[in-house]
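These notes concern the structure reproduced below.
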Number of protein chains: 4
Amino acid sequence: MPPDGTADAREEPIYDIAHLGHLELLTPKFDESLCFFVDVMGMTESGQAGSSVYLRGWDDYERYSLKLTASNTSGIGHMAFRTRSPQALQRRARALAGSGFEVGWSNGDLGQGPTFVCRDPDGHVIELYYETEWYAPPPELKPALKNQAQKFPARGVSVRRLDHLNCLAADIRANRVFFENYLGFRLTEQIVLDDGTEAGMWMTATNKSYDFAYTLDRTGSRGRFHHLTYAVDCREDVLRAADIFLENGVYIETGPHKHAVQQTFFLYVYEPGGNRVEVANAGARLILAPDWKPIVWSEAERKKGQAWGLKTIESFHTYGTPPV
Amino acid sequence: MPPDGTADAREEPIYDIAHLGHLELLTPKFDESLCFFVDVMGMTESGQAGSSVYLRGWDDYERYSLKLTASNTSGIGHMAFRTRSPQALQRRARALAGSGFEVGWSNGDLGQGPTFVCRDPDGHVIELYYETEWYAPPPELKPALKNQAQKFPARGVSVRRLDHLNCLAADIRANRVFFENYLGFRLTEQIVLDDGTEAGMWMTATNKSYDFAYTLDRTGSRGRFHHLTYAVDCREDVLRAADIFLENGVYIETGPHKHAVQQTFFLYVYEPGGNRVEVANAGARLILAPDWKPIVWSEAERKKGQAWGLKTIESFHTYGTPPV
Amino acid sequence: MPPDGTADAREEPIYDIAHLGHLELLTPKFDESLCFFVDVMGMTESGQAGSSVYLRGWDDYERYSLKLTASNTSGIGHMAFRTRSPQALQRRARALAGSGFEVGWSNGDLGQGPTFVCRDPDGHVIELYYETEWYAPPPELKPALKNQAQKFPARGVSVRRLDHLNCLAADIRANRVFFENYLGFRLTEQIVLDDGTEAGMWMTATNKSYDFAYTLDRTGSRGRFHHLTYAVDCREDVLRAADIFLENGVYIETGPHKHAVQQTFFLYVYEPGGNRVEVANAGARLILAPDWKPIVWSEAERKKGQAWGLKTIESFHTYGTPPV
Amino acid sequence: MPPDGTADAREEPIYDIAHLGHLELLTPKFDESLCFFVDVMGMTESGQAGSSVYLRGWDDYERYSLKLTASNTSGIGHMAFRTRSPQALQRRARALAGSGFEVGWSNGDLGQGPTFVCRDPDGHVIELYYETEWYAPPPELKPALKNQAQKFPARGVSVRRLDHLNCLAADIRANRVFFENYLGFRLTEQIVLDDGTEAGMWMTATNKSYDFAYTLDRTGSRGRFHHLTYAVDCREDVLRAADIFLENGVYIETGPHKHAVQQTFFLYVYEPGGNRVEVANAGARLILAPDWKPIVWSEAERKKGQAWGLKTIESFHTYGTPPV
């Protein structure tokens with residue numbers, strides 16, 4: 001691969017990653033966090049092991065999309081991507097071998113087959129796996145329509161599926177090159193400061209316009225987490241979520257409003273363990289072009305605030321987990 | 001490839017098709033059809049050639065997604081799929097060469113590079129291309145946000161993008177095997193009658209749950225068309241579309257209602273040339289699993305009607321274009 | 001008052017009725033009906049007495065809007081209207097005295113002061129009252145905003161407030177004249193058959209376009225009930241309600257669709273006791289004109305079906321409670 | 001009437017005002033303002049006289065709800081309320097006679113009968129009228145449904161109807177007492193500062209939770225205007241309006257967001273003439289209680305910002321028209 005991370009025009013893209021499968025979230029207030037995800041977000045508990053509970057949105061096809069783990073801190077344990085085939089998993093493992101980023105094979109997690117573990121340049125742990133357990137609902141959670149994973153809960157926000165996550169990192173460019181070269185993610189939008197520093201990146205392996213984002217950590221810390229996002233169907237669902245968070249005493253940091261970047265209709269809250277959680281509409285905007293040219297936002301453009309003029313709240317630039 | 005169309009488990013999927021690019025629609029009432037698409041659907045004219053006008057939704061990234069052609073009949077001229085790379089186009093051309101389905105290379109259409117043409121087993125014309133012209137809006141149609149193809153029109157239904165099309169065919173199974181083996185589409189849902197006849201199929205090359213559907217033509221005709229679908233953002237947009245169609249004297253065949261199959265929230269109308277046009281929400285439901293197991297609907301299940309109990313209107317089973 | 005029920009142009013309207021307060025619903029399957037209203041409709045239990053449970057939507061300002069009573073049949077026990085003042089209650093009682101429709105004063109119901117009872121020409125029981133108990137939520141149901149009666153439940157359909165009811169009657173005209181002359185309701189829309197028979201009426205005492213409707217009972221029975229309606233905020237909420245009813249095995253009779261009459265976006269289901277229940281959007285359309293001229297729908301117009309062309313389902317014309 | 005404006009409990013309310021009919025808006029940029037209201041707001045021109053154009057939303061039943069007048073400044077010309085009957089108009093005129101607030105009878109405006117003019121304590125001009133011209137659409141604007149005033153335009157924001165207006169005033173209490181005593185408006189919510197100063201009031205003559213608001217003018221000026229509001233059906237319509245304003249270069253001051261006061265889902269922009277215009281959902285929340293107890297917001301409560309935590313933008317407190 002070219003050393004600068006620019007894909008050779010003659011070379012075909014890598015299609016080995018299927019999608020973001022789940023992430024592990026750490027919380028120092030396990031019981032309150034669990035209540036938040038089950039009662040307020042409307043998620044379903046689908047497993048337990050050690051000091052973790054596994055949770056899911058009603059449209060997640062795998063057994064879980066969130067592993068909530070009791071810890072003495074907040075932040076992210078790991079993120080996990082499913083590959084498109086067993087061969088794809090082997091190819092990614094081979095590509096990472098000797099790269100300095102690999103950790104090695106593990107036996108995987110609940111319902112998850114052989115797993116290759118690595119770290120991004122900022123130190124976040126990444127799991128790659130193919131074998132997975134499809135969710136099999138108990139009788140009381142069987143859906144009316146057979147093309148749906150689980151009965152719609154109609155409880156709290158009733159989030160549909162895991163949509164994306166956002167990490168903080170000290171060197172965005174290094175992380176972009178890592179995800180492009182080793183995992184085949186495509187950059188769809190980015191922020192580039194006047195001095196050329198890459199300050200934010202949005203990458204995808206699917207037709208969603210991003211499966212994750214990384215933004216600059218100005219504290220000099222490593223491996224920190226910005227937020228995870230669950231999808232609902234439409235903007236009205238996000239507004240209703242705001243009503244529900246308000247009624248349940250959940251701290252709303254900012255939103256609902258529309259990001260200029262990616263045009264996501266966002267709402268950010270803090271779960272009781274201190275991690276930032278987003279509810280967003282997802283799906284209306286798809287990137288179908290196989291040769292999408294990344295959108296580059298300048299410092300001046302970012303200073304304009306969000307799409308409809310809302311000024312970005314200061315904590316959005318400074319707050320991550322674990323706190324420093 | 002295995003003769004029965006079942007992909008060998010050891011073999012990896014084909015990822016050569018990026019997405020449905022456009023279709024050509026024939027109309028015997030050109031002026032009225034054009035008014036319908038521009039004034040009522042809210043589409044933008046982006047080209048003219050011969051007896052055709054090229055049209056687009058505001059979020060279509062290519063120059064156009066609909067070629068409307070004056071004709072002495074209604075129906076579909078062709079459908080066109082963009083490949084993921086130039087190499088992918090060559091691979092598909094090679095796979096089709098000598099298959100009996102190929103027509104051969106053409107110079108393409110407006111803004112479209114070298115094109116390989118073939119026919120499905122029912123005779124519908126299919127174009128494959130990679131090179132394409134990205135839409136460059138004139139000043140008055142420049143969007144406020146640089147990650148959007150065109151200014152939101154706020155005129156009529158204001159459809160977002162081409163979503164899918166639906167053809168009629170005499171032999172669904174033959175068409176399924178064709179699309180699986182030669183083009184790498186994946187089946188996500190299908191209807192199988194009690195006698196084993198495949199009566200409907202929904203296939204995708206993307207994370208959308210389908211890029212096209214084929215349903216059984218009970219008239220014995222070949223190459224007929226059922227409908228094309230433009231996407232809007234949410235179900236409320238579909239309801240608003242119904243209000244707009246009502247106000248503009250457009251014939252509403254059925255809906256808005258929710259299909260059990262694919263859970264599409266649908267609304268079907270006839271454009272002045274007689275072709276069926278659907279407006280649907282699109283995007284909330286994505287197929288992220290690379291190994292999705294097709295959902296099979298039985299005769300008994302289909303007889304239950306649509307998701308919320310609406311009986312399927314008779315003309316939906318019988319009416320296609322051109323009429324027979 | 002003029003004998004034909006036409007208000008004298010020189011005379012000013014009566015403004016004595018404030019709004020529909022509640023209704024009593026009879027059910028032969030009390031436990032299942034209660035589960036339906038609490039778990040599926042998302043209502044809150046706010047009282048109990050004898051064989052009745054009192055229920056409310058989260059935005060009903062009075063203690064309850066539905067009295068659910070165990071019975072050996074289905075149907076309506078009574079409807080209750082709140083007057084605008086104590087004097088207004090006295091005026092209505094005086095107007096009804098000696099009319100043949102009065103039943104007399106009662107001590108009222110749970111949280112309800114002195115009540116004047118009468119019957120409409122079809123025999124339905126009507127209660128008039130002014131004193132009422134405002135809902136005082138227990139601590140766990142206190143809302144975040146002080147201008148709201150109760151915390152938003154985010155459970156099931158989460159209906160907002162009682163909107164209207166619909167009775168069946170043998171003589172619509174007689175009932176219209178009764179409600180105009182004795183209670184001051186205004187007719188906003190009606191159905192008049194080709195032979196001059198009034199077949200449906202929609203009347204209001206508020207800026208809502210109707211507080212109740214009466215439609216023709218073709219069975220020759222008296223005092224029967226067609227449906228009660230709870231309001232949600234928008235059409236998307238009605239669609240979501242359809243999803244929730246489907247998931248919970250509730251029989252959906254027809255909808256969601258838009259009535260031509262009153263433009264209500266409707267969804268009709270049967271609760272376990274057999275009574276028809278509607279969920280509708282409510283509020284967008286207001287009648288502000290103090291001299292609104294009633295809209296008259298002819299037989300031919302009604303035969304066109306609902307607003308977007310849905311044919312009216314046969315049971316909608318024939319099914320009422322109690323069944324005959 | 002009691003001098004302090006508190007209605008005597010033994011006395012019945014006044015029901016003489018039906019609703020806000022229209023307002024006259026002054027603009028120093030007439031052509032641009034007209035384009036804004038027609039092309040962006042989606043309103044319909046329904047009359048012309050002198051240097052004014054008359055405009056309407058598609059659900060306004062009267063001929064117009066906005067009189068746009070070329071002027072050398074911005075601000076409000078007058079507001080006009082329709083009474084419930086000719087007698088009600090006479091009663092209000094008699095009550096105002098000799099009050100010091102009356103201006104006297106005028107011949108009314110386009111399509112408007114005899115009009116009694118007065119001024120509120122802050123000097124804003126108020127017209128009272130009963131006779132009015134109902135809107136009669138030209139053939140191309142005839143609606144499909146006969147219970148609707150005009151064809152839905154499907155152009156720009158496509159506002160439904162005039163909802164309310166907001167004036168600035170030096171003495172809120174004086175204005176409240178004026179509207180209660182002379183016109184019979186009811187207070188539904190208010191802001192009272194720690195020192196007892198009334199700083200905002202929301203009043204209604206309908207089941208809408210307010211027909212107008214007055215807020216404190218901190219500049220010491222008189223007769224200034226804060227904003228006018230057009231209603232759309234649901235919150236998604238307000239979000240769509242934000243998209244449309246963004247695309248059309250309209251300055252968005254704040255929103256969309258939810259007010260804690262009245263729970264209005266708001267979006268504020270400036271029209272080209274400098275006047276603040278709001279688009280809001282309207283109708284879901286109704287005040288049905290005839291004896292609604294006004295909600296009083298304290299200084300501390302107001303400092304919390306809007307419902308979901310948005311801090312109130314400074315210009316919202318300071319900017320009015322005409323500018324000072």
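We name chains A, B, ... following the order of the structure tokens; residues begin at 1 in each chain, and ligands are numbered from 1 as shown.
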
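Secondary structure by DSSP on the backbone puts the following residues of range 118-150 of chain D in strand (DSSP E or B): Cys118, Arg119, Val125, Ile126, Glu127, Leu128, Tyr129, Thr132 and Trp134 of chain D.
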
With only C-alpha atoms counted and 12 Å as the cut-off, give the residues of chain D in contact with chain A, each with its shortest interatomic distance in Å and the pair that gives it, as JSON lines.
```
{"residue": "D:Cys234", "atom": "CA", "partner": "A:Glu236", "partner_atom": "CA", "distance": 8.9}
{"residue": "D:Arg235", "atom": "CA", "partner": "A:Glu236", "partner_atom": "CA", "distance": 6.8}
{"residue": "D:Glu236", "atom": "CA", "partner": "A:Glu236", "partner_atom": "CA", "distance": 6.0}
{"residue": "D:Asp237", "atom": "CA", "partner": "A:Glu236", "partner_atom": "CA", "distance": 9.8}
{"residue": "D:Val238", "atom": "CA", "partner": "A:Glu236", "partner_atom": "CA", "distance": 10.4}
{"residue": "D:Leu239", "atom": "CA", "partner": "A:Arg235", "partner_atom": "CA", "distance": 8.2}
{"residue": "D:Arg240", "atom": "CA", "partner": "A:Arg235", "partner_atom": "CA", "distance": 10.0}
{"residue": "D:Ala241", "atom": "CA", "partner": "A:Trp308", "partner_atom": "CA", "distance": 10.5}
{"residue": "D:Ala242", "atom": "CA", "partner": "A:Trp308", "partner_atom": "CA", "distance": 6.7}
{"residue": "D:Asp243", "atom": "CA", "partner": "A:Trp308", "partner_atom": "CA", "distance": 7.6}
{"residue": "D:Ile244", "atom": "CA", "partner": "A:Trp308", "partner_atom": "CA", "distance": 10.2}
{"residue": "D:Phe245", "atom": "CA", "partner": "A:Trp308", "partner_atom": "CA", "distance": 8.6}
{"residue": "D:Leu246", "atom": "CA", "partner": "A:Trp308", "partner_atom": "CA", "distance": 6.6}
{"residue": "D:Glu247", "atom": "CA", "partner": "A:Trp308", "partner_atom": "CA", "distance": 10.1}
{"residue": "D:Asn248", "atom": "CA", "partner": "A:Trp308", "partner_atom": "CA", "distance": 11.9}
{"residue": "D:Gly249", "atom": "CA", "partner": "A:Trp308", "partner_atom": "CA", "distance": 10.7}
{"residue": "D:Val250", "atom": "CA", "partner": "A:Trp308", "partner_atom": "CA", "distance": 10.2}
{"residue": "D:Tyr251", "atom": "CA", "partner": "A:Gly309", "partner_atom": "CA", "distance": 8.8}
{"residue": "D:Ile252", "atom": "CA", "partner": "A:Trp308", "partner_atom": "CA", "distance": 6.7}
{"residue": "D:Glu253", "atom": "CA", "partner": "A:Gly309", "partner_atom": "CA", "distance": 7.7}
{"residue": "D:Thr254", "atom": "CA", "partner": "A:Leu310", "partner_atom": "CA", "distance": 7.2}
{"residue": "D:Gly255", "atom": "CA", "partner": "A:Trp308", "partner_atom": "CA", "distance": 7.8}
{"residue": "D:Pro256", "atom": "CA", "partner": "A:His257", "partner_atom": "CA", "distance": 7.2}
{"residue": "D:His257", "atom": "CA", "partner": "A:Pro256", "partner_atom": "CA", "distance": 7.2}
{"residue": "D:Lys258", "atom": "CA", "partner": "A:Leu239", "partner_atom": "CA", "distance": 9.1}
{"residue": "D:His259", "atom": "CA", "partner": "A:Asp243", "partner_atom": "CA", "distance": 11.7}
{"residue": "D:Ala260", "atom": "CA", "partner": "A:Leu246", "partner_atom": "CA", "distance": 10.9}
{"residue": "D:Gln263", "atom": "CA", "partner": "A:Asp243", "partner_atom": "CA", "distance": 10.5}
{"residue": "D:Phe265", "atom": "CA", "partner": "A:Leu239", "partner_atom": "CA", "distance": 9.8}
{"residue": "D:Leu267", "atom": "CA", "partner": "A:Trp308", "partner_atom": "CA", "distance": 9.9}
{"residue": "D:Tyr268", "atom": "CA", "partner": "A:Trp308", "partner_atom": "CA", "distance": 10.8}
{"residue": "D:Val269", "atom": "CA", "partner": "A:Trp308", "partner_atom": "CA", "distance": 10.5}
{"residue": "D:Gln306", "atom": "CA", "partner": "A:Leu246", "partner_atom": "CA", "distance": 11.2}
{"residue": "D:Ala307", "atom": "CA", "partner": "A:Leu246", "partner_atom": "CA", "distance": 7.8}
{"residue": "D:Trp308", "atom": "CA", "partner": "A:Leu246", "partner_atom": "CA", "distance": 6.6}
{"residue": "D:Gly309", "atom": "CA", "partner": "A:Ile252", "partner_atom": "CA", "distance": 6.7}
{"residue": "D:Leu310", "atom": "CA", "partner": "A:Thr254", "partner_atom": "CA", "distance": 7.2}
{"residue": "D:Lys311", "atom": "CA", "partner": "A:Thr254", "partner_atom": "CA", "distance": 10.1}
{"residue": "D:Thr312", "atom": "CA", "partner": "A:Leu310", "partner_atom": "CA", "distance": 11.3}
{"residue": "D:Ile313", "atom": "CA", "partner": "A:Leu310", "partner_atom": "CA", "distance": 9.9}
```

Long-range neighbours of Ser209 in chain C as a VMD selection string, 10 Å cut-off, only C-alpha atoms, 5 positions minimum in chain: chain C and resid 186 to 189 202 to 204 262 to 264 282 to 288

Take the residues just selected and output them with N, CA, C and O atoms as a PDB file, in the first residue's frame.
```pdb
ATOM      1  N   ARG C 186     -72.373  23.287  18.065  1.00  0.00           N
ATOM      2  CA  ARG C 186     -72.451  23.761  16.687  1.00  0.00           C
ATOM      3  C   ARG C 186     -72.106  22.626  15.734  1.00  0.00           C
ATOM      4  O   ARG C 186     -71.153  21.876  15.966  1.00  0.00           O
ATOM      5  N   LEU C 187     -72.888  22.520  14.680  1.00  0.00           N
ATOM      6  CA  LEU C 187     -72.644  21.517  13.639  1.00  0.00           C
ATOM      7  C   LEU C 187     -71.517  22.020  12.738  1.00  0.00           C
ATOM      8  O   LEU C 187     -71.595  23.127  12.211  1.00  0.00           O
ATOM      9  N   THR C 188     -70.468  21.193  12.522  1.00  0.00           N
ATOM     10  CA  THR C 188     -69.400  21.619  11.613  1.00  0.00           C
ATOM     11  C   THR C 188     -69.426  20.847  10.289  1.00  0.00           C
ATOM     12  O   THR C 188     -69.118  21.410   9.255  1.00  0.00           O
ATOM     13  N   GLU C 189     -69.809  19.562  10.353  1.00  0.00           N
ATOM     14  CA  GLU C 189     -69.945  18.796   9.112  1.00  0.00           C
ATOM     15  C   GLU C 189     -71.093  17.811   9.274  1.00  0.00           C
ATOM     16  O   GLU C 189     -71.466  17.441  10.391  1.00  0.00           O
ATOM     17  N   TRP C 202     -71.241  15.959  12.919  1.00  0.00           N
ATOM     18  CA  TRP C 202     -70.037  16.229  13.706  1.00  0.00           C
ATOM     19  C   TRP C 202     -70.265  17.585  14.388  1.00  0.00           C
ATOM     20  O   TRP C 202     -70.497  18.590  13.709  1.00  0.00           O
ATOM     21  N   MET C 203     -70.210  17.609  15.718  1.00  0.00           N
ATOM     22  CA  MET C 203     -70.576  18.819  16.454  1.00  0.00           C
ATOM     23  C   MET C 203     -69.477  19.218  17.437  1.00  0.00           C
ATOM     24  O   MET C 203     -68.749  18.370  17.950  1.00  0.00           O
ATOM     25  N   THR C 204     -69.445  20.493  17.727  1.00  0.00           N
ATOM     26  CA  THR C 204     -68.398  20.994  18.615  1.00  0.00           C
ATOM     27  C   THR C 204     -68.895  22.090  19.529  1.00  0.00           C
ATOM     28  O   THR C 204     -69.814  22.843  19.180  1.00  0.00           O
ATOM     29  N   GLN C 262     -63.809  15.882   7.952  1.00  0.00           N
ATOM     30  CA  GLN C 262     -63.003  16.452   9.038  1.00  0.00           C
ATOM     31  C   GLN C 262     -61.492  16.277   8.830  1.00  0.00           C
ATOM     32  O   GLN C 262     -60.698  16.747   9.640  1.00  0.00           O
ATOM     33  N   GLN C 263     -61.080  15.564   7.794  1.00  0.00           N
ATOM     34  CA  GLN C 263     -59.656  15.351   7.515  1.00  0.00           C
ATOM     35  C   GLN C 263     -58.897  14.686   8.669  1.00  0.00           C
ATOM     36  O   GLN C 263     -57.662  14.807   8.755  1.00  0.00           O
ATOM     37  N   THR C 264     -59.607  13.998   9.512  1.00  0.00           N
ATOM     38  CA  THR C 264     -58.955  13.288  10.616  1.00  0.00           C
ATOM     39  C   THR C 264     -58.046  12.181  10.083  1.00  0.00           C
ATOM     40  O   THR C 264     -58.451  11.416   9.224  1.00  0.00           O
ATOM     41  N   ALA C 282     -54.668  15.263  16.364  1.00  0.00           N
ATOM     42  CA  ALA C 282     -55.744  16.181  16.727  1.00  0.00           C
ATOM     43  C   ALA C 282     -55.143  17.524  17.031  1.00  0.00           C
ATOM     44  O   ALA C 282     -54.125  17.621  17.696  1.00  0.00           O
ATOM     45  N   GLY C 283     -55.765  18.535  16.502  1.00  0.00           N
ATOM     46  CA  GLY C 283     -55.334  19.852  16.871  1.00  0.00           C
ATOM     47  C   GLY C 283     -54.864  20.700  15.719  1.00  0.00           C
ATOM     48  O   GLY C 283     -55.077  21.909  15.725  1.00  0.00           O
ATOM     49  N   ALA C 284     -54.233  20.081  14.722  1.00  0.00           N
ATOM     50  CA  ALA C 284     -53.726  20.915  13.637  1.00  0.00           C
ATOM     51  C   ALA C 284     -54.868  21.698  12.997  1.00  0.00           C
ATOM     52  O   ALA C 284     -54.740  22.885  12.707  1.00  0.00           O
ATOM     53  N   ARG C 285     -56.003  21.026  12.797  1.00  0.00           N
ATOM     54  CA  ARG C 285     -57.142  21.702  12.185  1.00  0.00           C
ATOM     55  C   ARG C 285     -58.056  22.242  13.281  1.00  0.00           C
ATOM     56  O   ARG C 285     -58.606  21.485  14.070  1.00  0.00           O
ATOM     57  N   LEU C 286     -58.211  23.547  13.308  1.00  0.00           N
ATOM     58  CA  LEU C 286     -59.079  24.187  14.288  1.00  0.00           C
ATOM     59  C   LEU C 286     -60.178  24.941  13.553  1.00  0.00           C
ATOM     60  O   LEU C 286     -59.980  25.429  12.443  1.00  0.00           O
ATOM     61  N   ILE C 287     -61.318  25.025  14.167  1.00  0.00           N
ATOM     62  CA  ILE C 287     -62.396  25.860  13.629  1.00  0.00           C
ATOM     63  C   ILE C 287     -62.420  27.131  14.456  1.00  0.00           C
ATOM     64  O   ILE C 287     -62.871  27.138  15.604  1.00  0.00           O
ATOM     65  N   LEU C 288     -61.900  28.196  13.885  1.00  0.00           N
ATOM     66  CA  LEU C 288     -61.847  29.466  14.603  1.00  0.00           C
ATOM     67  C   LEU C 288     -63.038  30.358  14.284  1.00  0.00           C
ATOM     68  O   LEU C 288     -63.406  31.211  15.090  1.00  0.00           O
TER      69      LEU C 288
END
```

Do a neighbour search on Arg218 in chain D at 8 Å with only C-alpha atoms, toss out local chain neighbours closer than 2 positions, and write the hits as a list in words. Ala170, Leu216, Gly220, Ser221 and Thr318 of chain D

Find the residues around range 145-159 of chain B up to 6 Å (only C-alpha atoms counted), leave out those fewer than 5 positions away in its own chain, and share them as a list of chain:residue names.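 Once the nearby chain positions are removed, what remains is B:Val40, B:Met41, B:Gly42, B:Gly57, B:Trp58, B:Asp59, B:Tyr61, B:Ala231, B:Val232, B:Ala241, D:Ala154, D:Arg155, D:Gly156.
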
Excluding range 70-78 of chain A and residues on its chain fewer than 2 positions from it, collect all residues at most 6 Å away from it, counting only C-alpha atoms, and give them as a list in words.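 Selected residues are Leu23, Glu24, Leu25, Leu26, Thr27, Pro28, Phe30, Ser51, Val125, Ile126, Phe225, Thr321 and Pro322 of chain A.
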
Identify, on the basis of only C-alpha atoms, every residue whose closest approach to Arg119 in chain C does not exceed 9 Å; exclude the query and any residue fewer than 2 positions from it along the same chain; express the result as a VMD selection string. chain C and resid 100 to 103 117 121 to 127

So which residues of range 46-259 of chain C fall under helix (DSSP H, G or I) by DSSP, listed as an MDAnalysis selection string? chainID C and resid 86:96 139:141 172:183 235:247

Separation of CA of Arg94 in chain D from CA of Gly21 in chain D in Å: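 According to the coordinates, CA of Gly21 in chain D and CA of Arg94 in chain D are separated by 20.8 Å.
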
Work out how far apart CA of Tyr135 in chain A and CA of Ala205 in chain B are and give it in Å to one decimal. 23.8 Å

Å distance separating CA of Tyr182 in chain A from CA of Gln90 in chain A, one decimal place: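 Computing the Euclidean distance for CA of Tyr182 in chain A and CA of Gln90 in chain A yields 12.2 Å.
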